[in-house]
Amino acid sequence: MDIRLRLAQNIRRLRQEKGWSQEDYADRADIHRTYVSDIERGRRNPTITVVEKLAVPFGVSASRLLD
């Protein structure tokens with residue numbers, strides 16, 4: 001599976017487990033909501049720095065988002 005799709009699925013799953021909307025999650029990650037939406041659809045190729053920002057609100061490592 002493409003790594004972008006793994007990232008997308010993991011983010012969507014964790015976000016939904018928390019009961020957060022994309023906007024809630026984007027605010028927590030300090031990333032624009034439309035960028036989060038694009039990542040969840042596998043349409044963006046975020047940098048490792050962005051992946052780290054995406055992991056912080058979930059309290060997980062960046063590598064966990066890529067597993």
# chains A, B, ... in the order shown; residues from 1 in each chain; ligands from 1
call {"tool": "residues_around", "arguments": {"residues": "Ile11 in chain A", "least_positions_apart": "4", "cutoff": "9 Å", "atoms": "only C-alpha atoms", "output": "number ranges by chain"}}
result
A: 6-7, 15-16, 39-40, 54-55, 65
call {"tool": "write_last_selection", "arguments": {"atoms": "N, CA and C atoms", "output": "short mmCIF file (atom, residue, chain, number, x, y, z; two decimals), in the first residue's frame"}}
result
data_model
loop_
_atom_site.label_atom_id
_atom_site.label_comp_id
_atom_site.auth_asym_id
_atom_site.auth_seq_id
_atom_site.Cartn_x
_atom_site.Cartn_y
_atom_site.Cartn_z
N ARG A 6 -1.53 4.83 3.70
CA ARG A 6 -1.40 4.34 5.09
C ARG A 6 -1.51 5.50 6.06
N LEU A 7 -0.81 6.60 5.76
CA LEU A 7 -0.88 7.79 6.61
C LEU A 7 -2.32 8.29 6.68
N ARG A 15 -8.36 10.09 14.36
CA ARG A 15 -9.19 11.29 14.52
C ARG A 15 -10.62 10.88 14.87
N GLN A 16 -11.15 9.90 14.18
CA GLN A 16 -12.52 9.46 14.44
C GLN A 16 -12.64 8.80 15.81
N ILE A 39 -4.64 15.43 3.03
CA ILE A 39 -3.82 14.34 3.55
C ILE A 39 -4.69 13.10 3.75
N GLU A 40 -5.87 13.26 4.33
CA GLU A 40 -6.76 12.13 4.58
C GLU A 40 -7.26 11.49 3.30
N LEU A 54 1.35 16.27 12.85
CA LEU A 54 0.11 15.50 12.80
C LEU A 54 0.03 14.48 13.93
N ALA A 55 1.18 13.99 14.37
CA ALA A 55 1.22 12.96 15.42
C ALA A 55 0.99 13.54 16.82
N LEU A 65 2.10 6.79 12.74
CA LEU A 65 1.18 7.22 11.69
C LEU A 65 1.51 6.58 10.35
#
call {"tool": "select_by_dssp", "arguments": {"residues": "chain A", "states": "helix (DSSP H, G or I)", "output": "ChimeraX atom specification"}}
result
/A:3-18,22-29,33-40,48-58,62-66
call {"tool": "residues_around", "arguments": {"residues": "Leu5 in chain A", "least_positions_apart": "2", "cutoff": "8 Å", "atoms": "only C-alpha atoms", "output": "PDB file with N, CA, C and O atoms, in the first residue's frame"}}
result
ATOM      1  N   MET A   1       0.846  -1.186   0.000  1.00  0.00           N
ATOM      2  CA  MET A   1       0.000   0.000   0.000  1.00  0.00           C
ATOM      3  C   MET A   1       0.886   1.241   0.000  1.00  0.00           C
ATOM      4  O   MET A   1       1.906   1.282   0.671  1.00  0.00           O
ATOM      5  N   ASP A   2       0.486   2.232  -0.746  1.00  0.00           N
ATOM      6  CA  ASP A   2       1.182   3.509  -0.812  1.00  0.00           C
ATOM      7  C   ASP A   2       1.268   4.118   0.590  1.00  0.00           C
ATOM      8  O   ASP A   2       0.286   4.100   1.339  1.00  0.00           O
ATOM      9  N   ILE A   3       2.418   4.659   0.930  1.00  0.00           N
ATOM     10  CA  ILE A   3       2.624   5.214   2.273  1.00  0.00           C
ATOM     11  C   ILE A   3       1.670   6.383   2.545  1.00  0.00           C
ATOM     12  O   ILE A   3       1.237   6.583   3.677  1.00  0.00           O
ATOM     13  N   LEU A   7      -0.806   6.598   5.758  1.00  0.00           N
ATOM     14  CA  LEU A   7      -0.880   7.790   6.607  1.00  0.00           C
ATOM     15  C   LEU A   7      -2.317   8.290   6.678  1.00  0.00           C
ATOM     16  O   LEU A   7      -2.833   8.570   7.769  1.00  0.00           O
ATOM     17  N   ALA A   8      -2.978   8.373   5.544  1.00  0.00           N
ATOM     18  CA  ALA A   8      -4.362   8.855   5.490  1.00  0.00           C
ATOM     19  C   ALA A   8      -5.285   7.995   6.343  1.00  0.00           C
ATOM     20  O   ALA A   8      -6.077   8.521   7.143  1.00  0.00           O
ATOM     21  N   GLN A   9      -5.186   6.689   6.194  1.00  0.00           N
ATOM     22  CA  GLN A   9      -6.048   5.789   6.959  1.00  0.00           C
ATOM     23  C   GLN A   9      -5.785   5.884   8.449  1.00  0.00           C
ATOM     24  O   GLN A   9      -6.732   5.888   9.249  1.00  0.00           O
ATOM     25  N   GLU A  40      -5.869  13.264   4.334  1.00  0.00           N
ATOM     26  CA  GLU A  40      -6.758  12.128   4.582  1.00  0.00           C
ATOM     27  C   GLU A  40      -7.257  11.489   3.295  1.00  0.00           C
ATOM     28  O   GLU A  40      -7.664  10.336   3.302  1.00  0.00           O
ATOM     29  N   ARG A  41      -7.222  12.205   2.202  1.00  0.00           N
ATOM     30  CA  ARG A  41      -7.618  11.640   0.910  1.00  0.00           C
ATOM     31  C   ARG A  41      -6.410  11.137   0.120  1.00  0.00           C
ATOM     32  O   ARG A  41      -6.561  10.661  -0.999  1.00  0.00           O
ATOM     33  N   GLY A  42      -5.216  11.241   0.712  1.00  0.00           N
ATOM     34  CA  GLY A  42      -4.013  10.765   0.051  1.00  0.00           C
ATOM     35  C   GLY A  42      -3.552  11.649  -1.086  1.00  0.00           C
ATOM     36  O   GLY A  42      -2.795  11.215  -1.947  1.00  0.00           O
TER      37      GLY A  42
END
call {"tool": "residues_around", "arguments": {"residues": "Gly59 in chain A", "least_positions_apart": "6", "cutoff": "12 Å", "atoms": "only C-alpha atoms", "output": "ChimeraX atom specification"}}
result
/A:14-15,18,28-29,52-53,65
call {"tool": "closest_residue", "arguments": {"among": "A:Tyr35, A:Asp27, A:Val60, A:Leu66", "to": "Ile48 in chain A", "atoms": "only C-alpha atoms"}}
result
A:Leu66
call {"tool": "atom_distance", "arguments": {"atom1": "CA of Ser21 in chain A", "atom2": "CA of Thr34 in chain A"}}
result
12.0 Å
call {"tool": "closest_residue", "arguments": {"among": "A:Asp38, A:Arg64, A:Asn45, A:His32", "to": "Asn10 in chain A", "atoms": "only C-alpha atoms"}}
result
A:Arg64
call {"tool": "closest_residue", "arguments": {"among": "A:Arg33, A:Phe58, A:Arg4, A:Pro46", "to": "Glu17 in chain A", "atoms": "only C-alpha atoms"}}
result
A:Phe58
